[in-house]
$ cat entry-v2.cif   # mmCIF, C-alpha atoms
data_start
#
loop_
_atom_site.label_atom_id
_atom_site.label_comp_id
_atom_site.auth_asym_id
_atom_site.auth_seq_id
_atom_site.Cartn_x
_atom_site.Cartn_y
_atom_site.Cartn_z
CA MET A 1 -2.35 14.41 -8.18
CA ILE A 2 -3.63 11.15 -6.68
CA GLY A 3 -2.97 8.14 -8.90
CA VAL A 4 -5.57 5.38 -8.52
CA ILE A 5 -4.11 2.11 -9.76
CA ASP A 6 -6.39 0.35 -12.22
CA TYR A 7 -5.43 -3.31 -12.54
CA GLY A 8 -8.88 -4.71 -13.27
CA VAL A 9 -9.96 -5.39 -9.70
CA GLY A 10 -12.89 -3.51 -8.21
CA ASN A 11 -15.29 -0.71 -8.95
CA LEU A 12 -13.38 2.56 -8.83
CA PHE A 13 -16.27 4.97 -9.32
CA SER A 14 -17.21 5.56 -5.67
CA LEU A 15 -13.55 5.78 -4.61
CA CYS A 16 -12.74 8.40 -7.24
CA SER A 17 -15.92 10.31 -6.45
CA SER A 18 -14.98 10.43 -2.76
CA LEU A 19 -11.43 11.58 -3.50
CA ARG A 20 -12.74 14.36 -5.72
CA CYS A 21 -15.27 15.26 -3.03
CA VAL A 22 -12.40 16.09 -0.66
CA GLY A 23 -10.71 18.21 -3.32
CA ALA A 24 -8.22 15.81 -4.87
CA GLU A 25 -7.16 15.76 -8.49
CA VAL A 26 -7.54 12.09 -9.45
CA GLU A 27 -6.08 10.09 -12.32
CA VAL A 28 -7.17 6.47 -12.77
CA SER A 29 -4.58 4.61 -14.80
CA ALA A 30 -2.85 1.33 -15.55
CA ASP A 31 0.05 3.17 -17.21
CA PRO A 32 3.23 3.17 -15.09
CA VAL A 33 4.43 6.35 -16.82
CA VAL A 34 1.29 8.19 -15.70
CA LEU A 35 1.33 6.71 -12.19
CA GLU A 36 4.98 7.61 -11.68
CA GLN A 37 3.97 11.28 -11.93
CA ALA A 38 1.45 10.98 -9.09
CA ASP A 39 2.16 12.66 -5.76
CA LYS A 40 0.38 9.80 -4.01
CA LEU A 41 -0.93 6.38 -5.01
CA VAL A 42 -4.09 4.51 -4.00
CA LEU A 43 -4.20 0.72 -4.43
CA PRO A 44 -7.85 -0.43 -4.32
CA GLY A 45 -9.09 -4.00 -4.55
CA VAL A 46 -11.95 -6.41 -4.01
CA GLY A 47 -12.13 -10.17 -4.47
CA ALA A 48 -9.55 -12.90 -3.86
CA PHE A 49 -5.97 -12.12 -2.91
CA GLY A 50 -4.34 -14.58 -5.33
CA ASP A 51 -6.24 -13.36 -8.37
CA ALA A 52 -5.54 -9.72 -7.52
CA ALA A 53 -1.83 -10.37 -6.93
CA ASP A 54 -1.59 -12.19 -10.26
CA LYS A 55 -3.26 -9.32 -12.11
CA LEU A 56 -1.03 -6.77 -10.44
CA ARG A 57 2.09 -8.71 -11.44
CA ALA A 58 0.83 -9.41 -14.97
CA THR A 59 0.63 -5.66 -15.57
CA GLY A 60 3.98 -4.93 -13.92
CA LEU A 61 2.22 -2.58 -11.55
CA ASP A 62 3.48 -4.52 -8.54
CA GLN A 63 6.96 -3.21 -9.23
CA LEU A 64 5.63 0.28 -9.79
CA VAL A 65 4.00 0.27 -6.32
CA ILE A 66 7.14 -1.11 -4.67
CA LYS A 67 9.45 1.35 -6.42
CA GLN A 68 7.32 4.39 -5.66
CA ALA A 69 6.84 3.34 -2.03
CA GLN A 70 10.61 2.92 -1.65
CA LYS A 71 11.06 6.43 -3.07
CA GLY A 72 8.84 7.83 -0.33
CA VAL A 73 5.64 8.33 -2.30
CA PRO A 74 2.63 7.90 0.03
CA VAL A 75 0.71 4.72 -0.83
CA LEU A 76 -2.76 3.89 0.53
CA GLY A 77 -4.12 0.36 0.17
CA ILE A 78 -7.88 -0.07 0.57
CA CYS A 79 -9.56 -3.38 1.57
CA LEU A 80 -7.88 -6.05 -0.55
CA GLY A 81 -5.41 -3.37 -1.60
CA MET A 82 -4.32 -3.08 2.03
CA GLN A 83 -3.91 -6.85 2.28
CA LEU A 84 -1.68 -6.86 -0.82
CA LEU A 85 0.80 -4.64 1.02
CA PHE A 86 1.71 -7.51 3.35
CA GLU A 87 4.16 -10.37 2.82
CA GLU A 88 1.66 -13.13 2.10
CA SER A 89 -1.93 -14.35 2.27
CA LEU A 90 -3.39 -17.74 3.11
CA GLU A 91 -6.58 -17.13 1.11
CA TYR A 92 -7.25 -20.25 -1.01
CA GLY A 93 -3.62 -21.34 -0.82
CA ARG A 94 -0.47 -19.38 -0.10
CA HIS A 95 0.18 -16.25 -2.12
CA ARG A 96 3.00 -13.73 -2.08
CA GLY A 97 2.16 -10.10 -1.43
CA LEU A 98 4.12 -6.92 -2.13
CA GLY A 99 6.11 -7.23 1.09
CA LEU A 100 5.95 -3.52 1.93
CA LEU A 101 4.60 -4.36 5.40
CA ALA A 102 5.49 -7.24 7.70
CA GLY A 103 2.61 -9.61 8.36
CA ARG A 104 0.31 -12.13 6.76
CA VAL A 105 -3.37 -12.25 5.83
CA VAL A 106 -5.29 -15.14 7.37
CA PRO A 107 -8.91 -16.39 7.39
CA MET A 108 -11.38 -15.25 10.00
CA GLU A 109 -12.88 -18.73 9.94
CA GLY A 110 -11.68 -20.59 13.00
CA ALA A 111 -10.52 -17.42 14.72
CA LEU A 112 -13.89 -15.84 15.48
CA PRO A 113 -16.55 -17.00 17.95
CA ALA A 114 -18.86 -19.46 16.18
CA GLU A 115 -21.93 -17.21 16.40
CA LEU A 116 -20.37 -14.44 14.32
CA LYS A 117 -21.03 -14.37 10.60
CA ILE A 118 -18.31 -14.44 7.98
CA PRO A 119 -17.72 -12.29 6.03
CA HIS A 120 -17.56 -9.37 8.42
CA ILE A 121 -20.00 -6.98 6.75
CA GLY A 122 -21.23 -3.66 8.07
CA TRP A 123 -20.36 -0.75 10.31
CA ASN A 124 -17.85 -1.19 13.09
CA ALA A 125 -16.08 1.18 15.47
CA LEU A 126 -12.43 2.12 15.06
CA GLN A 127 -10.17 1.88 18.10
CA PRO A 128 -6.94 3.82 17.51
CA MET A 129 -3.81 1.97 18.67
CA ALA A 130 -1.10 4.37 17.50
CA GLU A 131 -0.74 7.86 16.10
CA SER A 132 -1.26 8.36 12.38
CA PRO A 133 -1.93 11.40 10.20
CA LEU A 134 -4.88 9.45 8.78
CA LEU A 135 -6.56 9.59 12.20
CA ARG A 136 -6.20 13.33 12.73
CA ASP A 137 -9.98 13.89 12.47
CA VAL A 138 -11.11 10.48 13.76
CA LYS A 139 -12.30 9.84 17.30
CA PRO A 140 -12.27 6.48 19.11
CA GLY A 141 -15.59 4.81 18.38
CA ASP A 142 -16.13 6.44 15.00
CA CYS A 143 -17.63 3.83 12.69
CA VAL A 144 -16.54 2.73 9.21
CA TYR A 145 -17.82 0.13 6.74
CA PHE A 146 -16.20 -3.31 6.40
CA VAL A 147 -16.64 -6.17 3.93
CA HIS A 148 -14.04 -8.94 4.31
CA SER A 149 -13.41 -12.55 5.32
CA TYR A 150 -9.63 -12.36 5.89
CA TYR A 151 -7.58 -10.07 8.09
CA ALA A 152 -3.96 -9.09 8.68
CA THR A 153 -1.96 -10.57 11.58
CA GLY A 154 1.61 -10.27 12.79
CA CYS A 155 1.62 -6.59 11.93
CA ALA A 156 2.23 -4.98 15.31
CA ASP A 157 4.90 -2.67 13.90
CA SER A 158 2.41 -1.04 11.52
CA LEU A 159 -0.86 -1.36 13.45
CA VAL A 160 -2.74 1.95 13.73
CA ALA A 161 -6.33 0.94 14.56
CA THR A 162 -8.43 -2.14 15.24
CA ALA A 163 -12.12 -2.99 15.18
CA GLU A 164 -13.71 -5.49 17.56
CA TYR A 165 -15.45 -8.43 15.89
CA GLY A 166 -15.17 -11.22 18.40
CA ILE A 167 -11.43 -10.58 18.27
CA PRO A 168 -9.47 -7.41 17.50
CA ILE A 169 -9.42 -7.07 13.71
CA THR A 170 -6.67 -5.08 12.02
CA ALA A 171 -8.48 -2.05 10.60
CA MET A 172 -5.72 0.45 9.73
CA VAL A 173 -1.98 0.20 9.28
CA GLN A 174 0.84 2.60 8.57
CA LYS A 175 4.59 2.36 8.39
CA GLY A 176 6.10 5.58 7.13
CA ASN A 177 4.59 6.41 3.77
CA VAL A 178 2.84 3.02 3.38
CA MET A 179 -0.72 3.02 4.74
CA GLY A 180 -3.80 0.84 4.57
CA CYS A 181 -7.49 0.64 5.49
CA GLN A 182 -9.19 -2.75 5.72
CA PHE A 183 -12.55 -0.98 5.54
CA HIS A 184 -13.88 1.08 2.63
CA PRO A 185 -13.41 4.78 3.42
CA GLU A 186 -15.35 5.67 0.28
CA LYS A 187 -18.39 3.89 1.77
CA SER A 188 -17.89 5.17 5.31
CA GLY A 189 -19.62 8.53 5.21
CA PRO A 190 -18.05 11.61 6.85
CA VAL A 191 -15.49 9.53 8.79
CA GLY A 192 -14.26 7.88 5.61
CA LEU A 193 -14.07 11.22 3.83
CA ALA A 194 -12.05 12.63 6.72
CA ILE A 195 -9.55 9.78 6.38
CA LEU A 196 -9.27 10.27 2.62
CA ARG A 197 -8.85 14.02 3.09
CA ALA A 198 -6.07 13.45 5.60
CA PHE A 199 -4.29 11.16 3.14
CA CYS A 200 -4.67 13.66 0.30
CA GLU A 201 -3.33 16.50 2.44
CA GLU A 202 -0.32 14.62 3.77
CA GLU A 203 2.96 15.89 2.37
CA GLY A 204 3.79 13.82 -0.70
CA LYS A 205 6.49 13.64 -3.31
CA ALA A 206 7.81 17.00 -4.57
#

$ encode --input "entry-v2.cif" --output "structure tokens"
Amino acid sequence: MIGVIDYGVGNLFSLCSSLRCVGAEVEVSADPVVLEQADKLVLPGVGAFGDAADKLRATGLDQLVIKQAQKGVPVLGICLGMQLLFEESLEYGRHRGLGLLAGRVVPMEGALPAELKIPHIGWNALQPMAESPLLRDVKPGDCVYFVHSYYATGCADSLVATAEYGIPITAMVQKGNVMGCQFHPEKSGPVGLAILRAFCEEEGKA
């Protein structure tokens, strides 16, 4: 069973629909008792890092994610959910993340060529940088759908794929059982479904 963490951030309908489309049994919950029974966890998220981190901690689900990740349960962060896996973010201040991955989330503003629009919205090609089970059915140049204004840096030890947007943008990360997609796989057509299927079929907790 895939546990989708519901902490009041984001529309979960398309994500759950995509997971079910690839054959997963899905349970959306804010109950740690329910989520502890999941073979894998998905941490979604849209909006501002600080608000999302506060909501996650207010529910106690931050500790649930950390504990399950430390036990070896596969965890997939999506978009803001991926950013929350890192140590900190500089979005509207300085905010502490879950610390499951080394690195920080920083603004694109000032880092990109001036002619490029922020946020980075639309389809962009993945460039694999390291092996990952999530990429088993993905080819270099396959496109996925992004919507974001901040990106992860200092994460060389977990970097799996980038996308070019004036500079290389961190697109996918993985360190052991902790994984993340900056893009929205549930909005990325067949390529996104292939990534979700690979996550669902990875060996999880017994």

$ closest_residue --input "entry-v2.cif" --among "A:Leu35, A:Met179, A:Val28, A:Ala52" --to "Leu101 of chain A" --atoms "all atoms listed in the file"
A:Met179

$ resolve_selection --input "entry-v2.cif" --expression "the PyMOL selection byres ((chain A and resi 172) around 10)" --output "ChimeraX atom specification"
/A:77-79,82,126-130,132,134-135,152,158-163,169-171,173-174,179-183

$ resolve_selection --input "entry-v2.cif" --expression "the PyMOL selection byres ((chain A and resi 195) around 10)" --output "list in words"
Val22, Pro133, Leu134, Leu135, Arg136, Asp137, Val138, Cys181, Pro185, Glu186, Ser188, Pro190, Val191, Gly192, Leu193, Ala194, Leu196, Arg197, Ala198, Phe199, Cys200 and Glu201 of chain A

$ resolve_selection --input "entry-v2.cif" --expression "the PyMOL selection byres ((chain A and resi 60-62) around 12)" --output "MDAnalysis selection string"
chainID A and resid 4:8 29:36 41 43 52:59 63:69 81 84:85 96:100

$ atom_distance --input "entry-v2.cif" --atom1 "atom CA of Phe49 of chain A" --atom2 "atom CA of Glu87 of chain A"
11.8 Å

$ atom_distance --input "entry-v2.cif" --atom1 "atom CA of Gly141 of chain A" --atom2 "atom CA of Glu202 of chain A"
23.3 Å

$ atom_distance --input "entry-v2.cif" --atom1 "atom CA of Gly50 of chain A" --atom2 "atom CA of Lys117 of chain A"
23.1 Å

$ closest_residue --input "entry-v2.cif" --among "A:Gly45, A:Asn124, A:Asp39, A:Glu27" --to "Asn11 of chain A" --atoms "all atoms listed in the file"
A:Gly45

$ closest_residue --input "entry-v2.cif" --among "A:Gly122, A:Gly154, A:Pro113, A:Gly189" --to "Ile167 of chain A" --atoms "only C-alpha atoms"
A:Pro113

$ closest_residue --input "entry-v2.cif" --among "A:Gly47, A:Thr153, A:Gly72, A:Leu19" --to "Pro107 of chain A" --atoms "all atoms listed in the file"
A:Thr153

$ closest_residue --input "entry-v2.cif" --among "A:Val144, A:Ala111, A:Leu116, A:Ile2" --to "Arg20 of chain A" --atoms "all atoms listed in the file"
A:Ile2

$ closest_residue --input "entry-v2.cif" --among "A:Gln70, A:Tyr92, A:Val46, A:Gly176" --to "Val147 of chain A" --atoms "all atoms listed in the file"
A:Val46

$ decode --input "entry-v2.cif" --residues "segment 65-77 of chain A" --atoms "all heavy atoms" --output "tab-separated table (two decimals), in the first residue's frame"
chain	number	residue	atom	x	y	z
A	65	VAL	N	7.57	10.86	8.92
A	65	VAL	CA	8.36	10.71	7.69
A	65	VAL	C	9.80	10.36	8.03
A	65	VAL	O	10.39	9.44	7.44
A	65	VAL	CB	8.30	12.00	6.84
A	65	VAL	CG1	9.22	11.88	5.63
A	65	VAL	CG2	6.88	12.29	6.40
A	66	ILE	N	10.38	11.07	8.98
A	66	ILE	CA	11.77	10.82	9.37
A	66	ILE	C	11.94	9.40	9.90
A	66	ILE	O	12.85	8.67	9.50
A	66	ILE	CB	12.24	11.86	10.40
A	66	ILE	CG1	12.32	13.24	9.75
A	66	ILE	CG2	13.59	11.47	10.99
A	66	ILE	CD1	12.52	14.38	10.74
A	67	LYS	N	11.05	9.00	10.79
A	67	LYS	CA	11.14	7.66	11.40
A	67	LYS	C	11.01	6.56	10.37
A	67	LYS	O	11.80	5.61	10.36
A	67	LYS	CB	10.06	7.50	12.47
A	67	LYS	CG	10.10	6.14	13.17
A	67	LYS	CD	9.06	6.06	14.27
A	67	LYS	CE	7.67	5.89	13.70
A	67	LYS	NZ	6.65	5.61	14.75
A	68	GLN	N	10.03	6.69	9.48
A	68	GLN	CA	9.82	5.65	8.48
A	68	GLN	C	10.98	5.61	7.48
A	68	GLN	O	11.41	4.53	7.06
A	68	GLN	CB	8.49	5.86	7.75
A	68	GLN	CG	7.26	5.71	8.65
A	68	GLN	CD	7.18	4.35	9.31
A	68	GLN	OE1	7.66	4.17	10.44
A	68	GLN	NE2	6.59	3.40	8.61
A	69	ALA	N	11.49	6.78	7.11
A	69	ALA	CA	12.65	6.81	6.21
A	69	ALA	C	13.85	6.13	6.86
A	69	ALA	O	14.57	5.37	6.21
A	69	ALA	CB	12.98	8.24	5.82
A	70	GLN	N	14.07	6.39	8.14
A	70	GLN	CA	15.20	5.78	8.84
A	70	GLN	C	15.04	4.27	8.98
A	70	GLN	O	16.02	3.55	9.10
A	70	GLN	CB	15.37	6.44	10.20
A	70	GLN	CG	15.87	7.87	10.11
A	70	GLN	CD	15.90	8.59	11.44
A	70	GLN	OE1	15.26	8.16	12.42
A	70	GLN	NE2	16.64	9.68	11.52
A	71	LYS	N	13.80	3.80	8.95
A	71	LYS	CA	13.53	2.36	9.01
A	71	LYS	C	13.70	1.68	7.65
A	71	LYS	O	13.61	0.46	7.56
A	71	LYS	CB	12.10	2.13	9.53
A	71	LYS	CG	11.93	2.38	11.00
A	71	LYS	CD	10.47	2.42	11.40
A	71	LYS	CE	9.74	1.12	11.12
A	71	LYS	NZ	8.34	1.16	11.61
A	72	GLY	N	13.89	2.47	6.60
A	72	GLY	CA	14.10	1.90	5.29
A	72	GLY	C	12.88	1.92	4.39
A	72	GLY	O	12.92	1.39	3.28
A	73	VAL	N	11.80	2.53	4.84
A	73	VAL	CA	10.60	2.63	4.01
A	73	VAL	C	10.87	3.61	2.87
A	73	VAL	O	11.34	4.72	3.11
A	73	VAL	CB	9.39	3.12	4.85
A	73	VAL	CG1	8.17	3.35	3.96
A	73	VAL	CG2	9.07	2.11	5.95
A	74	PRO	N	10.62	3.23	1.62
A	74	PRO	CA	10.81	4.17	0.51
A	74	PRO	C	9.90	5.39	0.64
A	74	PRO	O	8.70	5.26	0.90
A	74	PRO	CB	10.43	3.34	-0.72
A	74	PRO	CG	10.68	1.92	-0.31
A	74	PRO	CD	10.28	1.87	1.14
A	75	VAL	N	10.49	6.56	0.49
A	75	VAL	CA	9.78	7.84	0.58
A	75	VAL	C	10.02	8.61	-0.70
A	75	VAL	O	11.17	8.77	-1.12
A	75	VAL	CB	10.25	8.67	1.79
A	75	VAL	CG1	9.58	10.04	1.81
A	75	VAL	CG2	9.99	7.93	3.10
A	76	LEU	N	8.95	9.10	-1.32
A	76	LEU	CA	9.06	9.92	-2.54
A	76	LEU	C	8.46	11.29	-2.28
A	76	LEU	O	7.27	11.42	-2.01
A	76	LEU	CB	8.32	9.25	-3.70
A	76	LEU	CG	8.24	10.04	-5.01
A	76	LEU	CD1	9.63	10.23	-5.61
A	76	LEU	CD2	7.31	9.37	-6.01
A	77	GLY	N	9.29	12.32	-2.36
A	77	GLY	CA	8.81	13.69	-2.26
A	77	GLY	C	8.56	14.25	-3.65
A	77	GLY	O	9.37	14.03	-4.56
